[in-house]
4 protein chains.
Amino acid sequence: MPKADASTTLAELKAITAAFARERDWEQFHAPKNLSMAISAETAELMEYFLWVSAEESAAMCTKPEKKAKIEEELADVVILALQFANVAKIDVAAAIEAKIARNAAKYPVEKAKGRSDKYTEL
Amino acid sequence: MPKADASTTLAELKAITAAFARERDWEQFHAPKNLSMAISAETAELMEYFLWVSAEESAAMCTKPEKKAKIEEELADVVILALQFANVAKIDVAAAIEAKIARNAAKYPVEKAKGRSDKYTEL
Amino acid sequence: MPKADASTTLAELKAITAAFARERDWEQFHAPKNLSMAISAETAELMEYFLWVSAEESAAMCTKPEKKAKIEEELADVVILALQFANVAKIDVAAAIEAKIARNAAKYPVEKAKGRSDKYTEL
Amino acid sequence: MPKADASTTLAELKAITAAFARERDWEQFHAPKNLSMAISAETAELMEYFLWVSAEESAAMCTKPEKKAKIEEELADVVILALQFANVAKIDVAAAIEAKIARNAAKYPVEKAKGRSDKYTEL
């Protein structure tokens, strides 16, 4: 069955990512240091699509099938490497996100942060 | 029930992320351009833990509870923003990863890529 | 005499940067790999000032003395690390820039590139 | 006369960079926000050379003429964009670096920082 966000767990994606690396004997390269660099490098490839356009144009680009397909590939690379980082560092991503969202909610209470892009230290 | 990778779907995490932004009326800031920059900025915070250590030391850091807790937070921020990017750009992350892994497998066939870190163009 | 762009050579700034690292016995940490990560991390701190603002607002920020002072500090960190990279890798920055500008001019001839932000592969 | 670090001032390189953009009517794209993203994207291309190698191997790469030539090009792109940022934001790079080095020296006094890669907050 093809994967889809509605039914795929994080664990399933992490398993695919781990298997890909293991089959190629790439675990030797996948230290957290190296993977953090690789996430950054892939994120830069995503960012490159948007260097010289406005925020509005960047939103419009994501509605054009051909551009969207490429952007999707770059985002996939970012998340694949983030999941492989989680594999290596033994991080439960869903638990980490739940905890971080709770922390962010404390830093950015709705009544203070609503409609404002300021850093929490300046709210 | 607390979230865990074994049982949490991508859609659940995407919903949490979208709700957090919506409650704060932050959708106005979340153009793909801006989110790609934010993913990059958060990835840099993850990378900062590893700037001056060796690959081996970076692995050791992830086994120390106190350091690991911080690293986990940074990774969570990276994935939260990547999921919010997916929300905004209407990307099915699981499907995108499945497709990208298939593409990567074609670029890096096991028999050629095994144990090598070279780019596919140099294999 | 205080340094100023009009009179300071690249070699002078490279010497200051090298001395700073040498005095602290930091050369042991300054492998090209590590410095490339550090340039990236500092660039992210520069980028953070502009995450949620428009291009126009980012230009306006650079005219406000208090904000400009901070932005200036972040840019300085980026260039310091780039110069230290050049020290370590024995790169003559001025010569490298002159050569790269010539190359870029060939990739982006004025008559084709004028007023367009497209990548040279799409001109 | 060809440019070289020993004799070229920052102002000369900034002038070359500004002229390149002006001739192509690219100043309209060069908001600080966009340039900060571009510096980050170019830094990622530099970093990509070092993703999977050790610190020692990264140093060795910079001694091989063919690899070094490519690395040099990437570093040049980083510095070109940083100088163009300085042009746009009206930053005197040499003065900013001199001031930042003084600040860094206060944060990292030689007697405390010698031989240590810790952040100043942990010295």
# chains A, B, ... in the order shown; residues from 1 in each chain; ligands from 1

call {"tool": "residues_around", "arguments": {"residues": "range 102-117 of chain C", "least_positions_apart": "5", "cutoff": "7 Å", "atoms": "only C-alpha atoms", "output": "ChimeraX atom specification"}}
result
/A:52 /C:123 /D:23-26

call {"tool": "select_by_dssp", "arguments": {"residues": "chain D", "states": "alpha helix (DSSP H)", "output": "count of residues only"}}
result
82

call {"tool": "residues_around", "arguments": {"residues": "Pro2 in chain D", "least_positions_apart": "6", "cutoff": "9 Å", "atoms": "only C-alpha atoms", "output": "PyMOL selection string"}}
result
chain C and resi 94-95+98

call {"tool": "interface_residues", "arguments": {"of": "chain B", "to": "chain A", "cutoff": "6 Å", "atoms": "only C-alpha atoms", "output": "short mmCIF file (atom, residue, chain, number, x, y, z; two decimals) with all heavy atoms, in the first residue's frame"}}
result
data_model
loop_
_atom_site.label_atom_id
_atom_site.label_comp_id
_atom_site.auth_asym_id
_atom_site.auth_seq_id
_atom_site.Cartn_x
_atom_site.Cartn_y
_atom_site.Cartn_z
N LYS B 3 2.39 10.89 22.57
CA LYS B 3 2.81 10.55 21.21
C LYS B 3 4.08 9.71 21.24
O LYS B 3 4.96 9.92 22.07
CB LYS B 3 3.12 11.83 20.42
CG LYS B 3 2.01 12.85 20.38
CD LYS B 3 0.97 12.47 19.36
CE LYS B 3 -0.17 13.47 19.35
NZ LYS B 3 -1.48 12.82 19.17
N ALA B 4 4.16 8.80 20.30
CA ALA B 4 5.39 7.99 20.15
C ALA B 4 5.49 7.59 18.69
O ALA B 4 4.47 7.43 18.00
CB ALA B 4 5.35 6.76 21.04
N ASP B 5 6.71 7.45 18.19
CA ASP B 5 6.91 7.15 16.77
C ASP B 5 6.19 5.88 16.33
O ASP B 5 5.74 5.79 15.19
CB ASP B 5 8.42 7.02 16.47
CG ASP B 5 9.11 8.39 16.47
OD1 ASP B 5 8.40 9.42 16.48
OD2 ASP B 5 10.35 8.42 16.47
N ALA B 6 6.10 4.90 17.25
CA ALA B 6 5.50 3.61 16.89
C ALA B 6 4.03 3.74 16.51
O ALA B 6 3.52 2.94 15.72
CB ALA B 6 5.67 2.62 18.03
N SER B 7 3.37 4.75 17.05
CA SER B 7 1.92 4.83 16.84
C SER B 7 1.44 6.15 16.23
O SER B 7 0.28 6.26 15.82
CB SER B 7 1.21 4.62 18.18
OG SER B 7 1.69 5.57 19.12
N THR B 8 2.30 7.14 16.15
CA THR B 8 1.86 8.46 15.68
C THR B 8 2.03 8.58 14.17
O THR B 8 3.12 8.32 13.64
CB THR B 8 2.67 9.58 16.37
OG1 THR B 8 2.62 9.36 17.78
CG2 THR B 8 2.11 10.95 16.04
N THR B 9 0.98 9.02 13.51
CA THR B 9 1.09 9.23 12.06
C THR B 9 1.62 10.64 11.77
O THR B 9 1.52 11.54 12.60
CB THR B 9 -0.28 9.10 11.36
OG1 THR B 9 -1.13 10.13 11.86
CG2 THR B 9 -0.90 7.73 11.61
N LEU B 10 2.13 10.78 10.56
CA LEU B 10 2.56 12.10 10.11
C LEU B 10 1.40 13.10 10.18
O LEU B 10 1.59 14.26 10.56
CB LEU B 10 3.05 12.01 8.65
CG LEU B 10 4.50 11.63 8.40
CD1 LEU B 10 5.42 12.76 8.82
CD2 LEU B 10 4.89 10.34 9.06
N ALA B 11 0.22 12.63 9.81
CA ALA B 11 -0.94 13.54 9.79
C ALA B 11 -1.22 14.10 11.18
O ALA B 11 -1.58 15.28 11.32
CB ALA B 11 -2.16 12.79 9.26
N ARG B 24 -2.12 31.16 16.93
CA ARG B 24 -1.36 32.40 17.13
C ARG B 24 -1.48 33.35 15.93
O ARG B 24 -0.81 34.37 15.87
CB ARG B 24 0.12 32.04 17.38
CG ARG B 24 0.33 31.59 18.81
CD ARG B 24 1.55 30.76 19.02
NE ARG B 24 1.49 30.20 20.38
CZ ARG B 24 0.72 29.16 20.73
NH1 ARG B 24 -0.04 28.55 19.82
NH2 ARG B 24 0.71 28.74 21.98
N ASP B 25 -2.30 32.97 14.98
CA ASP B 25 -2.48 33.79 13.79
C ASP B 25 -1.13 34.01 13.08
O ASP B 25 -0.83 35.12 12.62
CB ASP B 25 -3.13 35.14 14.18
CG ASP B 25 -3.75 35.84 12.99
OD1 ASP B 25 -3.91 35.20 11.93
OD2 ASP B 25 -4.06 37.05 13.10
N TRP B 26 -0.37 32.97 13.03
CA TRP B 26 0.97 33.05 12.43
C TRP B 26 0.98 32.58 10.97
O TRP B 26 2.04 32.59 10.34
CB TRP B 26 1.97 32.19 13.23
CG TRP B 26 2.45 32.83 14.49
CD1 TRP B 26 2.13 34.06 14.99
CD2 TRP B 26 3.38 32.24 15.43
NE1 TRP B 26 2.78 34.28 16.19
CE2 TRP B 26 3.55 33.19 16.48
CE3 TRP B 26 4.06 31.03 15.51
CZ2 TRP B 26 4.39 32.94 17.57
CZ3 TRP B 26 4.89 30.79 16.59
CH2 TRP B 26 5.06 31.74 17.61
N ALA B 31 4.92 31.80 4.78
CA ALA B 31 5.14 31.54 3.35
C ALA B 31 6.26 30.52 3.22
O ALA B 31 7.14 30.44 4.08
CB ALA B 31 5.53 32.84 2.65
N PRO B 32 6.22 29.72 2.14
CA PRO B 32 7.29 28.72 1.94
C PRO B 32 8.68 29.35 2.01
O PRO B 32 9.59 28.75 2.60
CB PRO B 32 6.99 28.18 0.53
CG PRO B 32 5.51 28.33 0.39
CD PRO B 32 5.17 29.60 1.12
N LYS B 33 8.85 30.51 1.44
CA LYS B 33 10.16 31.18 1.51
C LYS B 33 10.61 31.34 2.96
O LYS B 33 11.72 30.95 3.33
CB LYS B 33 10.08 32.55 0.83
CG LYS B 33 11.36 33.38 0.95
CD LYS B 33 11.25 34.70 0.18
CE LYS B 33 12.48 35.56 0.37
NZ LYS B 33 13.15 35.91 -0.87
N SER B 36 11.32 28.01 4.74
CA SER B 36 12.59 27.38 4.32
C SER B 36 13.76 28.02 5.06
O SER B 36 14.72 27.34 5.47
CB SER B 36 12.77 27.46 2.80
OG SER B 36 13.13 28.76 2.37
N SER B 40 16.26 26.24 7.96
CA SER B 40 17.71 26.39 7.88
C SER B 40 18.28 26.95 9.18
O SER B 40 19.31 26.48 9.69
CB SER B 40 18.07 27.30 6.70
OG SER B 40 19.44 27.48 6.62
N THR B 43 18.17 24.27 11.84
CA THR B 43 19.19 23.25 11.58
C THR B 43 20.56 23.74 12.02
O THR B 43 21.38 22.97 12.53
CB THR B 43 19.21 22.89 10.08
OG1 THR B 43 17.91 22.45 9.70
CG2 THR B 43 20.21 21.79 9.79
N MET B 47 23.30 22.00 14.39
CA MET B 47 24.68 21.85 13.93
C MET B 47 25.67 22.45 14.93
O MET B 47 26.78 21.95 15.09
CB MET B 47 24.80 22.54 12.57
CG MET B 47 25.81 21.91 11.65
SD MET B 47 25.55 22.45 9.90
CE MET B 47 25.52 24.23 10.05
N PHE B 50 27.82 20.54 17.27
CA PHE B 50 28.83 19.63 16.74
C PHE B 50 29.98 20.32 16.01
O PHE B 50 30.83 19.66 15.41
CB PHE B 50 28.16 18.63 15.78
CG PHE B 50 26.97 17.94 16.37
CD1 PHE B 50 25.72 18.02 15.77
CD2 PHE B 50 27.10 17.20 17.54
CE1 PHE B 50 24.61 17.39 16.32
CE2 PHE B 50 26.00 16.56 18.11
CZ PHE B 50 24.75 16.66 17.49
N ALA B 55 33.44 13.34 14.58
CA ALA B 55 32.26 12.52 14.33
C ALA B 55 32.01 11.58 15.52
O ALA B 55 30.87 11.44 15.99
CB ALA B 55 32.45 11.72 13.04
N SER B 58 30.63 13.39 18.43
CA SER B 58 29.22 13.78 18.23
C SER B 58 28.29 12.62 18.56
O SER B 58 27.20 12.82 19.10
CB SER B 58 28.98 14.29 16.81
OG SER B 58 28.91 13.26 15.85
N ALA B 59 28.73 11.41 18.26
CA ALA B 59 27.92 10.23 18.61
C ALA B 59 27.87 10.06 20.12
O ALA B 59 26.82 9.75 20.70
CB ALA B 59 28.50 8.98 17.93
N CYS B 62 25.38 12.22 22.01
CA CYS B 62 23.97 11.82 21.94
C CYS B 62 23.62 10.71 22.93
O CYS B 62 22.47 10.28 23.01
CB CYS B 62 23.60 11.40 20.52
SG CYS B 62 23.69 12.79 19.36
N ALA B 76 13.61 18.50 17.05
CA ALA B 76 12.16 18.69 17.04
C ALA B 76 11.79 19.98 16.31
O ALA B 76 10.88 19.98 15.47
CB ALA B 76 11.61 18.70 18.46
N ALA B 89 2.51 23.99 1.88
CA ALA B 89 2.70 23.66 0.46
C ALA B 89 1.84 22.46 0.04
O ALA B 89 1.91 22.03 -1.11
CB ALA B 89 4.17 23.38 0.20
N ASP B 92 2.28 15.76 0.88
CA ASP B 92 2.13 14.54 1.67
C ASP B 92 3.55 14.01 1.91
O ASP B 92 4.21 13.52 0.99
CB ASP B 92 1.28 13.52 0.93
CG ASP B 92 0.95 12.32 1.82
OD1 ASP B 92 1.91 11.58 2.19
OD2 ASP B 92 -0.22 12.11 2.17
N ALA B 94 4.87 11.54 3.72
CA ALA B 94 5.14 10.10 3.62
C ALA B 94 5.24 9.67 2.15
O ALA B 94 6.15 8.93 1.76
CB ALA B 94 4.06 9.30 4.34
N ALA B 95 4.32 10.16 1.35
CA ALA B 95 4.35 9.84 -0.08
C ALA B 95 5.61 10.42 -0.73
O ALA B 95 6.26 9.76 -1.56
CB ALA B 95 3.10 10.39 -0.77
N ALA B 96 5.96 11.63 -0.36
CA ALA B 96 7.14 12.28 -0.93
C ALA B 96 8.41 11.52 -0.56
O ALA B 96 9.31 11.34 -1.38
CB ALA B 96 7.24 13.73 -0.46
N ILE B 97 8.46 11.05 0.69
CA ILE B 97 9.65 10.30 1.13
C ILE B 97 9.71 8.96 0.41
O ILE B 97 10.78 8.54 -0.07
CB ILE B 97 9.64 10.12 2.66
CG1 ILE B 97 9.99 11.46 3.32
CG2 ILE B 97 10.59 9.02 3.09
CD1 ILE B 97 10.08 11.43 4.83
N VAL B 110 22.76 -0.41 -4.70
CA VAL B 110 23.55 -1.02 -3.62
C VAL B 110 24.92 -1.48 -4.11
O VAL B 110 25.95 -1.21 -3.47
CB VAL B 110 22.77 -2.20 -2.99
CG1 VAL B 110 23.66 -2.98 -2.04
CG2 VAL B 110 21.54 -1.67 -2.25
N LYS B 114 27.78 0.75 -2.20
CA LYS B 114 28.08 0.09 -0.91
C LYS B 114 29.40 0.57 -0.30
O LYS B 114 30.46 0.44 -0.91
CB LYS B 114 28.11 -1.42 -1.12
CG LYS B 114 28.09 -2.16 0.20
CD LYS B 114 27.43 -3.51 0.10
CE LYS B 114 27.16 -4.01 1.51
NZ LYS B 114 26.13 -5.02 1.54
N GLY B 115 29.30 1.12 0.89
CA GLY B 115 30.50 1.54 1.63
C GLY B 115 31.18 2.77 1.06
O GLY B 115 32.26 3.13 1.50
#

call {"tool": "atom_distance", "arguments": {"atom1": "CA of Ala19 in chain A", "atom2": "CA of Asn87 in chain A"}}
result
10.6 Å

call {"tool": "atom_distance", "arguments": {"atom1": "CA of Tyr120 in chain B", "atom2": "CA of Lys64 in chain D"}}
result
21.2 Å

call {"tool": "decode", "arguments": {"residues": "range 12-41 of chain C", "atoms": "N, CA, C and O atoms", "output": "tab-separated table (two decimals), in the first residue's frame"}}
result
chain	number	residue	atom	x	y	z
C	12	GLU	N	45.51	42.10	5.68
C	12	GLU	CA	45.48	42.63	7.05
C	12	GLU	C	44.39	41.96	7.88
C	12	GLU	O	44.63	41.58	9.04
C	13	LEU	N	43.22	41.82	7.29
C	13	LEU	CA	42.12	41.19	8.04
C	13	LEU	C	42.40	39.71	8.27
C	13	LEU	O	42.09	39.16	9.33
C	14	LYS	N	42.99	39.06	7.27
C	14	LYS	CA	43.35	37.65	7.45
C	14	LYS	C	44.37	37.48	8.58
C	14	LYS	O	44.31	36.51	9.35
C	15	ALA	N	45.28	38.44	8.69
C	15	ALA	CA	46.30	38.35	9.75
C	15	ALA	C	45.68	38.50	11.13
C	15	ALA	O	46.03	37.78	12.08
C	16	ILE	N	44.74	39.43	11.26
C	16	ILE	CA	44.04	39.63	12.54
C	16	ILE	C	43.31	38.36	12.95
C	16	ILE	O	43.35	37.92	14.10
C	17	THR	N	42.63	37.77	11.97
C	17	THR	CA	41.84	36.57	12.23
C	17	THR	C	42.74	35.40	12.61
C	17	THR	O	42.45	34.65	13.55
C	18	ALA	N	43.83	35.25	11.90
C	18	ALA	CA	44.76	34.16	12.21
C	18	ALA	C	45.37	34.33	13.59
C	18	ALA	O	45.49	33.36	14.36
C	19	ALA	N	45.72	35.57	13.94
C	19	ALA	CA	46.33	35.83	15.24
C	19	ALA	C	45.36	35.50	16.37
C	19	ALA	O	45.74	34.91	17.39
C	20	PHE	N	44.11	35.87	16.19
C	20	PHE	CA	43.09	35.60	17.21
C	20	PHE	C	43.01	34.10	17.51
C	20	PHE	O	42.95	33.68	18.68
C	21	ALA	N	43.00	33.29	16.46
C	21	ALA	CA	42.92	31.84	16.65
C	21	ALA	C	44.21	31.28	17.24
C	21	ALA	O	44.19	30.43	18.13
C	22	ARG	N	45.34	31.79	16.76
C	22	ARG	CA	46.63	31.26	17.21
C	22	ARG	C	46.86	31.53	18.70
C	22	ARG	O	47.25	30.64	19.44
C	23	GLU	N	46.53	32.74	19.12
C	23	GLU	CA	46.72	33.10	20.53
C	23	GLU	C	45.92	32.20	21.47
C	23	GLU	O	46.28	31.99	22.62
C	24	ARG	N	44.78	31.71	20.98
C	24	ARG	CA	43.92	30.86	21.81
C	24	ARG	C	44.17	29.37	21.56
C	24	ARG	O	43.45	28.53	22.09
C	25	ASP	N	45.16	29.08	20.75
C	25	ASP	CA	45.47	27.69	20.42
C	25	ASP	C	44.24	26.98	19.84
C	25	ASP	O	43.94	25.83	20.15
C	26	TRP	N	43.54	27.69	18.99
C	26	TRP	CA	42.31	27.17	18.38
C	26	TRP	C	42.56	26.58	16.99
C	26	TRP	O	41.61	26.11	16.35
C	27	GLU	N	43.81	26.65	16.52
C	27	GLU	CA	44.04	26.14	15.17
C	27	GLU	C	43.70	24.65	15.07
C	27	GLU	O	43.30	24.16	14.03
C	28	GLN	N	43.84	23.95	16.20
C	28	GLN	CA	43.52	22.53	16.22
C	28	GLN	C	42.05	22.24	15.88
C	28	GLN	O	41.72	21.16	15.45
C	29	PHE	N	41.16	23.22	16.13
C	29	PHE	CA	39.74	23.01	15.84
C	29	PHE	C	39.37	23.46	14.42
C	29	PHE	O	38.30	23.13	13.93
C	30	HIS	N	40.26	24.22	13.80
C	30	HIS	CA	39.90	24.91	12.56
C	30	HIS	C	40.16	24.12	11.29
C	30	HIS	O	40.74	24.64	10.33
C	31	ALA	N	39.71	22.90	11.26
C	31	ALA	CA	39.73	22.16	9.99
C	31	ALA	C	38.71	22.78	9.04
C	31	ALA	O	37.70	23.34	9.50
C	32	PRO	N	38.97	22.69	7.72
C	32	PRO	CA	38.01	23.24	6.76
C	32	PRO	C	36.59	22.73	7.00
C	32	PRO	O	35.62	23.51	6.91
C	33	LYS	N	36.45	21.46	7.32
C	33	LYS	CA	35.11	20.92	7.59
C	33	LYS	C	34.42	21.71	8.70
C	33	LYS	O	33.29	22.19	8.54
C	34	ASN	N	35.12	21.88	9.82
C	34	ASN	CA	34.53	22.57	10.96
C	34	ASN	C	34.27	24.04	10.66
C	34	ASN	O	33.23	24.59	11.05
C	35	LEU	N	35.18	24.68	9.96
C	35	LEU	CA	34.98	26.09	9.63
C	35	LEU	C	33.81	26.28	8.68
C	35	LEU	O	33.07	27.27	8.78
C	36	SER	N	33.63	25.35	7.75
C	36	SER	CA	32.49	25.48	6.83
C	36	SER	C	31.18	25.41	7.62
C	36	SER	O	30.22	26.13	7.33
C	37	MET	N	31.13	24.54	8.64
C	37	MET	CA	29.94	24.46	9.49
C	37	MET	C	29.75	25.77	10.27
C	37	MET	O	28.62	26.23	10.45
C	38	ALA	N	30.85	26.31	10.75
C	38	ALA	CA	30.76	27.53	11.55
C	38	ALA	C	30.31	28.72	10.71
C	38	ALA	O	29.53	29.56	11.17
C	39	ILE	N	30.79	28.80	9.47
C	39	ILE	CA	30.31	29.87	8.58
C	39	ILE	C	28.80	29.74	8.41
C	39	ILE	O	28.04	30.71	8.48
C	40	SER	N	28.36	28.50	8.20
C	40	SER	CA	26.93	28.25	8.01
C	40	SER	C	26.13	28.64	9.26
C	40	SER	O	25.07	29.26	9.17
C	41	ALA	N	26.66	28.29	10.43
C	41	ALA	CA	25.94	28.61	11.68
C	41	ALA	C	25.87	30.13	11.89
C	41	ALA	O	24.83	30.65	12.31
